[in-house]
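Structure file upload-v2.cif with mmCIF, C-alpha atoms:
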```
data_upload
#
loop_
_atom_site.label_atom_id
_atom_site.label_comp_id
_atom_site.auth_asym_id
_atom_site.auth_seq_id
_atom_site.Cartn_x
_atom_site.Cartn_y
_atom_site.Cartn_z
CA MET O 45 0.05 94.13 -39.41
CA ALA O 46 -2.43 95.82 -41.76
CA ILE O 47 -4.06 92.51 -42.43
CA LEU O 48 -4.31 91.83 -38.73
CA ALA O 49 -5.86 95.23 -38.08
CA GLY O 50 -8.43 94.56 -40.85
CA ASP O 51 -9.29 91.19 -39.32
CA TRP O 52 -9.73 92.78 -35.94
CA ARG O 53 -12.19 95.31 -37.38
CA ARG O 54 -14.13 92.50 -39.07
CA LEU O 55 -14.21 90.53 -35.84
CA LYS O 56 -15.58 93.56 -34.00
CA ALA O 57 -18.27 93.96 -36.63
CA VAL O 58 -19.25 90.28 -36.40
CA ARG O 59 -19.35 90.53 -32.58
CA SER O 60 -21.59 93.62 -32.76
CA LEU O 61 -23.94 91.86 -35.16
CA THR O 62 -24.06 88.77 -32.94
CA ILE O 63 -24.86 90.83 -29.84
CA ALA O 64 -27.54 92.73 -31.73
CA GLY O 65 -29.03 89.45 -32.99
CA LEU O 66 -29.07 87.93 -29.53
CA ALA O 67 -30.66 91.04 -28.07
CA PHE O 68 -33.34 90.98 -30.75
CA SER O 69 -34.06 87.28 -30.19
CA LEU O 70 -34.24 87.75 -26.45
CA ALA O 71 -36.54 90.75 -26.75
CA THR O 72 -38.92 89.02 -29.13
CA GLY O 73 -38.83 85.80 -27.07
CA VAL O 74 -39.71 87.63 -23.87
CA ALA O 75 -42.42 89.53 -25.68
CA TYR O 76 -43.83 86.27 -27.11
CA SER O 77 -43.69 84.58 -23.74
CA ALA O 78 -45.25 87.60 -22.04
CA GLU O 79 -48.04 87.61 -24.57
CA ARG O 80 -48.73 83.91 -23.85
CA THR O 81 -48.55 84.05 -20.08
CA ASN O 82 -50.70 87.16 -20.04
CA SER O 83 -53.43 85.42 -22.00
CA ALA O 84 -56.65 85.84 -20.15
CA PRO O 85 -57.99 82.72 -18.45
CA VAL O 86 -61.22 81.32 -19.78
CA LYS O 87 -64.03 80.78 -17.31
CA ARG O 88 -66.19 77.66 -17.65
CA TRP O 89 -63.90 76.25 -20.27
CA GLY O 90 -65.12 73.36 -22.40
CA LEU O 91 -64.27 71.51 -25.57
CA SER O 92 -65.69 68.43 -27.37
CA LEU O 93 -63.72 66.51 -29.96
CA ARG O 94 -64.81 63.66 -32.19
CA MET O 95 -62.33 60.77 -32.33
CA PRO O 96 -61.42 58.92 -35.57
CA ASP O 97 -63.22 55.79 -34.31
CA GLY O 98 -66.44 57.75 -33.85
CA GLY O 99 -65.99 58.17 -30.11
CA LEU O 100 -66.19 61.50 -28.37
CA VAL O 101 -63.94 63.14 -25.82
CA ARG O 102 -65.15 66.13 -23.82
CA PHE O 103 -62.92 68.38 -21.74
CA ASP O 104 -64.20 70.96 -19.30
CA GLY O 105 -63.03 72.94 -16.32
CA ALA O 106 -63.96 75.84 -14.07
CA GLU O 107 -61.14 77.94 -15.47
CA ALA O 108 -58.50 77.37 -18.13
CA LYS O 109 -55.42 79.34 -19.04
CA PRO O 110 -53.79 78.81 -22.45
CA LEU O 111 -50.09 77.97 -22.30
CA SER O 112 -49.92 77.43 -26.07
CA PRO O 113 -52.59 76.92 -28.73
CA ALA O 114 -52.95 73.25 -27.73
CA LEU O 115 -51.86 73.32 -24.11
CA TRP O 116 -54.10 74.51 -21.29
CA GLU O 117 -53.76 74.72 -17.56
CA VAL O 118 -57.16 73.83 -16.19
CA SER O 119 -58.68 73.96 -12.74
CA ASP O 120 -61.49 71.63 -11.65
CA PHE O 121 -60.74 69.57 -14.70
CA ARG O 122 -63.01 66.85 -16.10
CA LEU O 123 -62.43 64.60 -19.08
CA GLU O 124 -65.23 62.39 -20.31
CA SER O 125 -64.60 59.83 -22.99
CA PHE O 126 -67.49 58.21 -24.82
CA LYS O 127 -67.52 55.17 -27.06
CA ALA O 128 -68.77 55.46 -30.61
CA ASN O 129 -72.10 53.93 -29.68
CA GLY O 130 -72.70 56.29 -26.82
CA PRO O 131 -71.89 54.98 -23.34
CA LYS O 132 -69.40 56.84 -21.23
CA GLU O 133 -66.16 54.91 -21.03
CA ILE O 134 -63.97 56.93 -18.69
CA LEU O 135 -64.21 59.97 -16.46
CA VAL O 136 -61.02 61.70 -15.30
CA GLU O 137 -61.16 64.45 -12.69
CA SER O 138 -58.38 66.56 -11.22
CA PRO O 139 -58.39 69.80 -9.19
CA ARG O 140 -55.66 71.22 -11.43
CA CYS O 141 -53.86 69.76 -14.41
CA THR O 142 -52.31 70.48 -17.78
CA VAL O 143 -54.21 69.37 -20.87
CA ASP O 144 -53.02 68.89 -24.42
CA VAL O 145 -56.24 68.98 -26.40
CA THR O 146 -54.68 67.82 -29.68
CA LYS O 147 -52.99 64.77 -28.17
CA LYS O 148 -55.85 64.22 -25.68
CA ILE O 149 -53.41 64.01 -22.82
CA ALA O 150 -53.98 65.25 -19.29
CA SER O 151 -51.26 65.30 -16.65
CA SER O 152 -50.63 66.67 -13.22
CA ALA O 153 -48.35 66.28 -10.22
CA GLY O 154 -51.40 66.58 -7.99
CA THR O 155 -54.34 64.39 -7.11
CA PHE O 156 -56.80 62.86 -9.54
CA ALA O 157 -59.68 60.40 -9.77
CA VAL O 158 -60.62 58.11 -12.62
CA SER O 159 -63.83 56.16 -12.87
CA GLN O 160 -65.08 53.69 -15.39
CA GLU O 161 -68.81 53.15 -15.16
CA GLN O 162 -68.85 50.04 -17.27
CA ASN O 163 -67.19 47.85 -14.66
CA GLY O 164 -67.35 50.08 -11.62
CA LEU O 165 -63.61 50.83 -11.61
CA LYS O 166 -62.45 53.75 -9.50
CA MET O 167 -58.88 54.91 -9.21
CA THR O 168 -57.15 57.64 -7.24
CA GLY O 169 -53.53 58.67 -6.79
CA LEU O 170 -50.99 61.43 -6.75
CA GLY O 171 -49.32 62.49 -9.98
CA PHE O 172 -50.70 61.14 -13.22
CA HIS O 173 -50.40 61.12 -16.99
CA TYR O 174 -53.50 60.05 -18.90
CA ASP O 175 -53.52 59.43 -22.65
CA ASP O 176 -57.10 59.18 -23.88
CA ILE O 177 -56.13 57.92 -27.34
CA GLU O 178 -54.29 54.94 -25.85
CA LYS O 179 -56.60 54.82 -22.80
CA ARG O 180 -53.44 54.53 -20.74
CA LEU O 181 -52.96 55.91 -17.26
CA ILE O 182 -49.59 56.17 -15.54
CA VAL O 183 -49.62 57.03 -11.86
CA SER O 184 -46.51 58.00 -9.94
CA ASN O 185 -47.61 57.69 -6.30
CA ASN O 186 -50.21 56.44 -3.82
CA VAL O 187 -52.27 54.40 -6.25
CA VAL O 188 -55.58 52.99 -5.07
CA VAL O 189 -57.74 51.04 -7.51
CA VAL O 190 -61.16 49.76 -6.53
CA ILE O 191 -62.78 47.30 -8.90
CA ARG O 192 -66.23 45.88 -8.54
CA ALA O 193 -65.60 42.43 -9.86
CA LYS O 194 -66.59 38.86 -9.96
CA LEU O 195 -63.61 37.25 -8.32
CA VAL O 196 -63.88 33.87 -9.98
CA LYS O 197 -66.23 32.26 -12.52
CA MET X 150 -49.09 0.41 9.38
CA LYS X 151 -52.37 1.22 10.99
CA SER X 152 -51.13 4.62 12.16
CA ILE X 153 -49.83 5.40 8.66
CA SER X 154 -53.25 4.76 7.20
CA LYS X 155 -54.71 7.06 9.83
CA ILE X 156 -52.16 9.75 8.93
CA ARG X 157 -53.37 9.34 5.35
CA LEU X 158 -56.88 9.83 6.61
CA SER X 159 -55.77 13.00 8.39
CA LEU X 160 -54.14 14.24 5.20
CA ALA X 161 -57.37 13.62 3.38
CA TRP X 162 -59.17 15.66 6.02
CA LEU X 163 -56.61 18.43 5.62
CA VAL X 164 -57.18 18.50 1.89
CA VAL X 165 -60.92 18.52 2.41
CA GLY X 166 -60.45 21.48 4.76
CA VAL X 167 -58.31 23.44 2.32
CA VAL X 168 -60.69 22.62 -0.51
CA ALA X 169 -63.54 23.91 1.60
CA VAL X 170 -61.61 27.17 2.13
CA LEU X 171 -60.88 27.62 -1.53
CA GLY X 172 -64.28 26.29 -2.46
CA THR X 173 -65.82 29.44 -1.07
CA VAL X 174 -64.19 31.22 -4.00
CA SER X 175 -66.34 29.48 -6.54
CA ALA X 176 -69.57 30.37 -4.86
CA ASP X 177 -72.04 32.32 -6.94
CA ASP X 178 -72.10 35.25 -4.56
CA ASN X 179 -68.49 36.19 -5.22
CA ASP X 180 -69.16 39.66 -6.59
CA GLY X 181 -67.36 42.20 -4.50
CA GLU X 182 -65.03 45.14 -4.41
CA ILE X 183 -61.35 44.47 -4.87
CA THR X 184 -59.02 47.22 -3.70
CA ILE X 185 -55.52 47.26 -5.16
CA ALA X 186 -53.14 49.75 -3.56
CA SER X 187 -49.54 50.34 -4.61
CA GLU X 188 -46.90 53.00 -4.98
CA HIS X 189 -46.95 53.15 -8.78
CA ALA X 190 -49.15 52.04 -11.64
CA ASP X 191 -49.33 51.75 -15.40
CA GLU X 192 -52.88 50.93 -16.38
CA MET X 193 -53.96 49.99 -19.89
CA ILE X 194 -57.60 50.67 -19.25
CA LYS X 195 -58.79 49.84 -22.76
CA ASP X 196 -57.21 46.38 -22.58
CA GLY X 197 -58.15 45.86 -18.94
CA VAL X 198 -54.52 45.30 -17.94
CA TYR X 199 -53.58 46.84 -14.60
CA HIS X 200 -49.90 46.78 -13.72
CA GLN X 201 -49.03 47.98 -10.24
CA TRP X 202 -45.78 47.79 -8.36
CA GLY X 203 -44.21 48.85 -5.09
CA ASN X 204 -45.78 47.50 -1.90
CA VAL X 205 -48.82 46.10 -3.65
CA VAL X 206 -51.76 45.21 -1.43
CA VAL X 207 -54.85 43.48 -2.84
CA ASP X 208 -57.82 43.36 -0.52
CA ALA X 209 -61.10 41.60 -1.14
CA PRO X 210 -62.73 41.92 2.30
CA GLY X 211 -63.81 38.66 3.85
CA PHE X 212 -62.22 36.65 1.11
CA LEU X 213 -58.65 37.49 0.19
CA HIS X 214 -55.71 39.63 1.25
CA LEU X 215 -52.60 39.54 -0.94
CA THR X 216 -49.32 41.43 -0.75
CA CYS X 217 -46.47 41.36 -3.25
CA ASP X 218 -43.89 43.54 -4.99
CA ASP X 219 -45.43 43.56 -8.48
CA LEU X 220 -48.88 42.69 -9.74
CA VAL X 221 -50.48 42.40 -13.16
CA ALA X 222 -54.24 41.94 -13.13
CA THR X 223 -56.11 41.35 -16.36
CA MET X 224 -59.78 42.17 -16.24
CA GLY X 225 -62.49 41.40 -18.77
CA THR X 226 -66.00 42.69 -18.93
CA GLY X 227 -68.33 40.25 -17.25
CA ALA X 228 -71.03 41.17 -19.74
CA SER X 229 -69.13 40.08 -22.83
CA THR X 230 -71.89 37.68 -23.83
CA SER X 231 -74.64 40.22 -23.33
CA THR X 232 -72.95 43.33 -24.68
CA ALA X 233 -75.49 43.85 -27.44
CA ALA X 234 -78.41 43.66 -25.05
CA SER X 235 -76.82 45.91 -22.49
CA THR X 236 -75.89 48.45 -25.15
CA ALA X 237 -79.43 48.48 -26.44
CA THR X 238 -80.78 49.19 -23.01
CA GLY X 239 -78.02 51.67 -22.25
CA SER X 240 -77.04 49.64 -19.23
CA THR X 241 -73.46 48.43 -19.28
CA ASN X 242 -73.02 48.56 -15.55
CA SER X 243 -71.93 44.96 -15.09
CA PRO X 244 -69.06 43.83 -12.90
CA ALA X 245 -65.69 43.15 -14.42
CA GLN X 246 -64.26 39.68 -14.39
CA LEU X 247 -60.85 38.83 -13.09
CA ASN X 248 -59.26 36.89 -15.96
CA GLN X 249 -55.71 36.60 -14.75
CA LEU X 250 -53.64 37.63 -11.79
CA ILE X 251 -49.86 37.46 -11.75
CA ALA X 252 -48.16 38.38 -8.49
CA ASN X 253 -44.38 38.55 -8.29
CA GLY X 254 -41.93 39.00 -5.45
CA ASN X 255 -42.56 38.19 -1.77
CA VAL X 256 -46.08 36.96 -2.39
CA GLU X 257 -48.19 36.47 0.72
CA ILE X 258 -51.82 35.43 0.43
CA GLN X 259 -54.43 35.10 3.13
CA LEU X 260 -57.67 33.34 2.30
CA PHE X 261 -60.48 33.73 4.78
CA ARG X 262 -63.19 31.22 5.55
CA ALA X 263 -66.18 32.36 7.51
CA PRO X 264 -66.77 30.51 10.79
CA ALA X 265 -68.99 27.47 10.53
CA LYS X 266 -71.03 28.56 13.55
CA PRO X 267 -72.11 32.04 14.65
CA GLY X 268 -69.47 33.41 17.01
CA GLY X 269 -66.90 30.91 15.78
CA LEU X 270 -63.40 31.68 14.64
CA THR X 271 -62.59 32.67 11.09
CA ASN X 272 -60.21 30.20 9.50
CA ILE X 273 -57.30 31.70 7.62
CA THR X 274 -55.21 29.87 5.08
CA TYR X 275 -51.83 31.43 4.37
CA ALA X 276 -49.89 30.93 1.14
CA TYR X 277 -46.36 32.11 0.47
CA GLY X 278 -44.09 32.05 -2.57
CA THR X 279 -42.04 34.11 -4.95
CA ASN X 280 -44.74 34.04 -7.63
CA ALA X 281 -48.43 33.32 -7.75
CA THR X 282 -50.73 33.17 -10.73
CA TYR X 283 -54.43 32.67 -11.18
CA VAL X 284 -55.93 31.97 -14.60
CA ARG X 285 -59.71 32.02 -14.95
CA THR X 286 -59.91 29.95 -18.14
CA ASN X 287 -58.47 26.85 -16.48
CA GLY X 288 -59.36 27.81 -12.92
CA MET X 289 -55.82 27.10 -11.77
CA VAL X 290 -53.90 28.81 -8.99
CA THR X 291 -50.15 28.23 -9.19
CA LEU X 292 -47.69 29.03 -6.45
CA THR X 293 -43.96 28.84 -7.23
CA GLY X 294 -40.67 29.90 -5.68
CA LYS X 295 -40.46 28.06 -2.35
CA PRO X 296 -44.24 27.68 -2.19
CA ARG X 297 -45.76 27.09 1.22
CA ILE X 298 -49.39 26.78 2.32
CA LYS X 299 -50.30 26.97 5.97
CA THR X 300 -53.69 26.08 7.39
CA PRO X 301 -54.77 25.87 11.04
CA GLU X 302 -54.21 22.11 10.78
CA ALA X 303 -51.02 21.75 8.78
CA THR X 304 -48.32 23.23 6.59
CA ALA X 305 -47.59 22.09 3.03
CA THR X 306 -44.40 22.94 1.18
CA ALA X 307 -43.07 21.95 -2.24
CA ASP X 308 -39.70 22.20 -3.89
CA ASP X 309 -41.07 23.46 -7.17
CA ALA X 310 -44.74 24.39 -7.38
CA LEU X 311 -48.10 23.90 -5.74
CA TYR X 312 -51.25 23.96 -7.87
CA TYR X 313 -54.85 24.22 -6.92
CA ASP X 314 -57.53 23.56 -9.50
CA LEU X 315 -60.54 25.63 -8.46
CA THR X 316 -62.81 23.91 -10.94
CA ALA X 317 -61.99 20.35 -9.96
CA GLY X 318 -61.24 21.22 -6.33
CA ARG X 319 -57.94 19.35 -6.50
CA PHE X 320 -54.45 19.97 -5.20
CA THR X 321 -51.44 18.86 -7.22
CA ASN X 322 -47.76 19.64 -7.03
CA ARG X 323 -44.59 19.62 -9.09
CA GLY X 324 -41.46 18.26 -7.48
CA ASN X 325 -41.15 16.96 -3.93
CA TYR X 326 -43.66 18.06 -1.35
CA ARG X 327 -43.94 17.85 2.41
CA VAL X 328 -46.97 18.12 4.66
CA THR X 329 -46.50 18.79 8.36
CA LEU X 330 -49.54 18.10 10.50
CA LYS X 331 -50.08 19.62 13.91
CA VAL X 332 -50.21 17.18 16.80
CA ASP X 333 -53.67 18.34 17.85
CA MET X 334 -54.96 17.48 14.42
CA LEU X 335 -53.72 13.92 14.74
CA LYS X 336 -55.17 13.60 18.22
CA LEU X 337 -58.53 14.71 16.94
CA SER X 338 -58.41 12.21 14.13
CA GLY X 339 -57.34 9.44 16.51
CA ALA X 340 -54.24 8.76 14.50
CA MET X 341 -51.88 9.02 17.44
CA ARG X 342 -51.59 6.51 20.20
CA ARG X 343 -51.56 7.51 23.83
CA ASN X 344 -47.81 7.22 24.10
CA ALA X 345 -47.11 9.19 20.97
CA THR X 346 -44.45 11.89 21.09
CA ASN X 347 -45.41 15.53 20.98
CA SER X 348 -43.43 16.17 17.84
CA ALA X 349 -45.31 17.02 14.71
CA ALA X 350 -45.92 14.27 12.25
CA THR X 351 -44.45 14.77 8.85
CA LYS X 352 -45.23 13.13 5.57
CA SER X 353 -43.37 13.70 2.38
CA THR X 354 -43.10 12.02 -0.97
CA ASN X 355 -41.69 12.37 -4.42
CA ASP X 356 -45.00 11.48 -5.99
CA PRO X 357 -47.48 14.11 -7.03
CA ALA X 358 -50.16 14.59 -4.42
CA LYS X 359 -53.45 13.70 -5.98
CA HIS X 360 -56.62 13.82 -3.97
#
```

For this file, write the structure as C-alpha cells.
Amino acid sequence: MAILAGDWRRLKAVRSLTIAGLAFSLATGVAYSAERTNSAPVKRWGLSLRMPDGGLVRFDGAEAKPLSPALWEVSDFRLESFKANGPKEILVESPRCTVDVTKKIASSAGTFAVSQEQNGLKMTGLGFHYDDIEKRLIVSNNVVVVIRAKLVK
Amino acid sequence: MKSISKIRLSLAWLVVGVVAVLGTVSADDNDGEITIASEHADEMIKDGVYHQWGNVVVDAPGFLHLTCDDLVATMGTGASTSTAASTATGSTNSPAQLNQLIANGNVEIQLFRAPAKPGGLTNITYAYGTNATYVRTNGMVTLTGKPRIKTPEATATADDALYYDLTAGRFTNRGNYRVTLKVDMLKLSGAMRRNATNSAATKSTNDPAKH
C-alpha cells in the first residue's frame, strides 16, 4: 500500500508538471500569435527580388500585413516578372491575396488577372495559385484565357 | 453506271466544298483572339502548355467554335525566328502560335465559312468525335472516336479516324467510311434522274478516301 501511495504522489506531481507545461505553451503560443496578428500593416508595400537566372520579380500592393516573416496578406496585389534581358514576362494582379515572398508564390480564393505581354495572353478566374519560379498557374474556377494568336501557319 | 460516276462527281464537289471551308484556315490573315473558357486550369506558362478541363469552350470568332471536356493547347512564340531582333528593339509583342491542340471527350467543332456573296448565308461545317488533335508541324487535323463531319451538303462518318491535311488540302481516313449526300445536292449536280427516290444517296467503301 505504501508503494501505491508513493506512486500516486508521483503521478500527481507529473500531472501538475504537465498542466503547468501546457499552460505555459498555450500562453506563449497565444502571445506569439497575438504579436504576429497585431503586426502593423504596411502601406504601399513593395519588394524586388533577383532570381538565380538573372530575372527579376517585383511584388507590390496598396497594403500588406505580415502573417509570418515570409508570408504577407496583400491588397491590390501586383506581381511583375521580368526576364534576365529585361522584358516583362508576366503580370499577376489580384484585389487580395496571400504572398510567400521566399517561394515567389501568390494565391487567393478570390479573383485575379494574369497577362503576358509577349504573346498578348490574358487570363482571369476565381481562385488561383501562381508559382513564379515554375511559371505555373493553377486556377480552380471560371477560367477564361484570351490568346492573341496565329491560328495556323 | 452513269449515275455512279455523277455521284462521284458530287463527292468531289463535296470535298472541294469542305476543303474551301478548311482552306480559310490557312489564309495569311488568320491572326485573331482565341478565347478558351473552362471550369479549371493548370497552365505551364513558361512552356506555353495550357491545360483546361470542365466544360471547355474554345472560341475564335468567325472561324472556329469548339467544345470538349478536356483541352491541352501548346503555344509557341510566333517570333521565335526573330527573337534577337525583337529583343534588341524591346518589342516582343508578337502573336503566339498554336502548335498543338488536343481535345478530349465529347468534342464538337464548328468551322465557319463567310458567305460567298454579301448578305449570303454563313456555311458551317460541324465535326464530332471523342478526340480531336491538330498539329502545326504536319498541318494535320485528326478526328477519332466515332468521327463525323457534317456539311450543308453531306455527312461523312468513319469507323476509326478522319484526317484532314491542311497543308495539302486533302482528306484521308482510317478504316471504313461513309458519305451521305443530301438529295438536293444530287439534284443540283444533275446526278439524279427525274424518277429518283427522295431517299438520301449513300456511298461507302473500305478504301481510304483520297482526293

Legend entry - Pairwise distance for CA of Thr168 in chain O and CA of Met95 in chain O, rounded to one decimal in Å: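 CA of Met95 in chain O lies 25.8 Å from CA of Thr168 in chain O.
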
Inset, instruction - List, as a PyMOL selection string, every residue that the PyMOL selection byres ((chain X and resi 189-193) around 10) selects in the file provided. - result: (chain O and resi 169-175+178-189) or (chain X and resi 186-188+194-205+219-223)

Only C-alpha atoms, please: the residues just picked out, written as an mmCIF file, in the coordinates of the input.
```
data_model
loop_
_atom_site.group_PDB
_atom_site.id
_atom_site.type_symbol
_atom_site.label_atom_id
_atom_site.label_comp_id
_atom_site.auth_asym_id
_atom_site.auth_seq_id
_atom_site.Cartn_x
_atom_site.Cartn_y
_atom_site.Cartn_z
ATOM 1 C CA GLY O 169 -53.530 58.670 -6.790
ATOM 2 C CA LEU O 170 -50.990 61.430 -6.750
ATOM 3 C CA GLY O 171 -49.320 62.490 -9.980
ATOM 4 C CA PHE O 172 -50.700 61.140 -13.220
ATOM 5 C CA HIS O 173 -50.400 61.120 -16.990
ATOM 6 C CA TYR O 174 -53.500 60.050 -18.900
ATOM 7 C CA ASP O 175 -53.520 59.430 -22.650
ATOM 8 C CA GLU O 178 -54.290 54.940 -25.850
ATOM 9 C CA LYS O 179 -56.600 54.820 -22.800
ATOM 10 C CA ARG O 180 -53.440 54.530 -20.740
ATOM 11 C CA LEU O 181 -52.960 55.910 -17.260
ATOM 12 C CA ILE O 182 -49.590 56.170 -15.540
ATOM 13 C CA VAL O 183 -49.620 57.030 -11.860
ATOM 14 C CA SER O 184 -46.510 58.000 -9.940
ATOM 15 C CA ASN O 185 -47.610 57.690 -6.300
ATOM 16 C CA ASN O 186 -50.210 56.440 -3.820
ATOM 17 C CA VAL O 187 -52.270 54.400 -6.250
ATOM 18 C CA VAL O 188 -55.580 52.990 -5.070
ATOM 19 C CA VAL O 189 -57.740 51.040 -7.510
ATOM 20 C CA ALA X 186 -53.140 49.750 -3.560
ATOM 21 C CA SER X 187 -49.540 50.340 -4.610
ATOM 22 C CA GLU X 188 -46.900 53.000 -4.980
ATOM 23 C CA ILE X 194 -57.600 50.670 -19.250
ATOM 24 C CA LYS X 195 -58.790 49.840 -22.760
ATOM 25 C CA ASP X 196 -57.210 46.380 -22.580
ATOM 26 C CA GLY X 197 -58.150 45.860 -18.940
ATOM 27 C CA VAL X 198 -54.520 45.300 -17.940
ATOM 28 C CA TYR X 199 -53.580 46.840 -14.600
ATOM 29 C CA HIS X 200 -49.900 46.780 -13.720
ATOM 30 C CA GLN X 201 -49.030 47.980 -10.240
ATOM 31 C CA TRP X 202 -45.780 47.790 -8.360
ATOM 32 C CA GLY X 203 -44.210 48.850 -5.090
ATOM 33 C CA ASN X 204 -45.780 47.500 -1.900
ATOM 34 C CA VAL X 205 -48.820 46.100 -3.650
ATOM 35 C CA ASP X 219 -45.430 43.560 -8.480
ATOM 36 C CA LEU X 220 -48.880 42.690 -9.740
ATOM 37 C CA VAL X 221 -50.480 42.400 -13.160
ATOM 38 C CA ALA X 222 -54.240 41.940 -13.130
ATOM 39 C CA THR X 223 -56.110 41.350 -16.360
#
```

Inset, instruction - Convert the output of the PyMOL selection byres ((chain O and resi 161) around 9) on the shown file into explicit residues, formatted as a list in words. - result: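 Applied to this file, the PyMOL selection byres ((chain O and resi 161) around 9) returns Pro131, Lys132, Glu133, Ile134, Leu135, Ser159, Gln160, Gln162, Asn163, Gly164, Leu165 and Lys166 of chain O; Thr241, Asn242 and Ser243 of chain X.
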
Generate a file of the selected residues that holds C-alpha atoms, formatted as an mmCIF file, in the frame of the given file.
```
data_model
loop_
_atom_site.group_PDB
_atom_site.id
_atom_site.type_symbol
_atom_site.label_atom_id
_atom_site.label_comp_id
_atom_site.auth_asym_id
_atom_site.auth_seq_id
_atom_site.Cartn_x
_atom_site.Cartn_y
_atom_site.Cartn_z
ATOM 1 C CA PRO O 131 -71.890 54.980 -23.340
ATOM 2 C CA LYS O 132 -69.400 56.840 -21.230
ATOM 3 C CA GLU O 133 -66.160 54.910 -21.030
ATOM 4 C CA ILE O 134 -63.970 56.930 -18.690
ATOM 5 C CA LEU O 135 -64.210 59.970 -16.460
ATOM 6 C CA SER O 159 -63.830 56.160 -12.870
ATOM 7 C CA GLN O 160 -65.080 53.690 -15.390
ATOM 8 C CA GLN O 162 -68.850 50.040 -17.270
ATOM 9 C CA ASN O 163 -67.190 47.850 -14.660
ATOM 10 C CA GLY O 164 -67.350 50.080 -11.620
ATOM 11 C CA LEU O 165 -63.610 50.830 -11.610
ATOM 12 C CA LYS O 166 -62.450 53.750 -9.500
ATOM 13 C CA THR X 241 -73.460 48.430 -19.280
ATOM 14 C CA ASN X 242 -73.020 48.560 -15.550
ATOM 15 C CA SER X 243 -71.930 44.960 -15.090
#
```

Inset, instruction - Can you pull out every residue within 9 Å of range 257-266 of chain X, counting all atoms listed in the file, but drop anything in the same chain fewer than 2 positions away, and send it as an MDAnalysis selection string? - result: chainID X and resid 169:171 173 210:217 255 268:279

Legend entry - Among listed residues O:Arg94, O:Lys109, O:Arg102, O:Arg53, nearest Glu137 in chain O (using all atoms listed in the file): O:Arg102

Write range 207-219 of chain X as an mmCIF file, in the coordinates of the input, completed to N, CA and C atoms.
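The result, stored in result.cif:
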```
data_model
loop_
_atom_site.group_PDB
_atom_site.id
_atom_site.type_symbol
_atom_site.label_atom_id
_atom_site.label_comp_id
_atom_site.auth_asym_id
_atom_site.auth_seq_id
_atom_site.Cartn_x
_atom_site.Cartn_y
_atom_site.Cartn_z
ATOM 1 N N VAL X 207 -53.537 43.783 -2.257
ATOM 2 C CA VAL X 207 -54.850 43.480 -2.840
ATOM 3 C C VAL X 207 -55.761 43.054 -1.701
ATOM 4 N N ASP X 208 -56.915 43.671 -1.626
ATOM 5 C CA ASP X 208 -57.820 43.360 -0.520
ATOM 6 C C ASP X 208 -59.230 43.120 -1.052
ATOM 7 N N ALA X 209 -59.696 41.921 -0.852
ATOM 8 C CA ALA X 209 -61.100 41.600 -1.140
ATOM 9 C C ALA X 209 -61.692 41.210 0.214
ATOM 10 N N PRO X 210 -62.335 42.151 0.900
ATOM 11 C CA PRO X 210 -62.730 41.920 2.300
ATOM 12 C C PRO X 210 -63.525 40.638 2.495
ATOM 13 N N GLY X 211 -63.117 39.909 3.520
ATOM 14 C CA GLY X 211 -63.810 38.660 3.850
ATOM 15 C C GLY X 211 -63.438 37.496 2.984
ATOM 16 N N PHE X 212 -62.564 37.731 2.019
ATOM 17 C CA PHE X 212 -62.220 36.650 1.110
ATOM 18 C C PHE X 212 -60.715 36.490 0.925
ATOM 19 N N LEU X 213 -60.055 37.598 0.568
ATOM 20 C CA LEU X 213 -58.650 37.490 0.190
ATOM 21 C C LEU X 213 -57.875 38.735 0.586
ATOM 22 N N HIS X 214 -56.638 38.526 1.024
ATOM 23 C CA HIS X 214 -55.710 39.630 1.250
ATOM 24 C C HIS X 214 -54.375 39.173 0.671
ATOM 25 N N LEU X 215 -53.834 39.946 -0.265
ATOM 26 C CA LEU X 215 -52.600 39.540 -0.940
ATOM 27 C C LEU X 215 -51.617 40.703 -0.929
ATOM 28 N N THR X 216 -50.361 40.411 -0.621
ATOM 29 C CA THR X 216 -49.320 41.430 -0.750
ATOM 30 C C THR X 216 -48.207 40.878 -1.623
ATOM 31 N N CYS X 217 -47.591 41.759 -2.390
ATOM 32 C CA CYS X 217 -46.470 41.360 -3.250
ATOM 33 C C CYS X 217 -45.735 42.614 -3.721
ATOM 34 N N ASP X 218 -44.662 42.401 -4.490
ATOM 35 C CA ASP X 218 -43.890 43.540 -4.990
ATOM 36 C C ASP X 218 -44.461 44.076 -6.309
ATOM 37 N N ASP X 219 -45.015 43.179 -7.117
ATOM 38 C CA ASP X 219 -45.430 43.560 -8.480
ATOM 39 C C ASP X 219 -46.659 42.733 -8.843
#
```
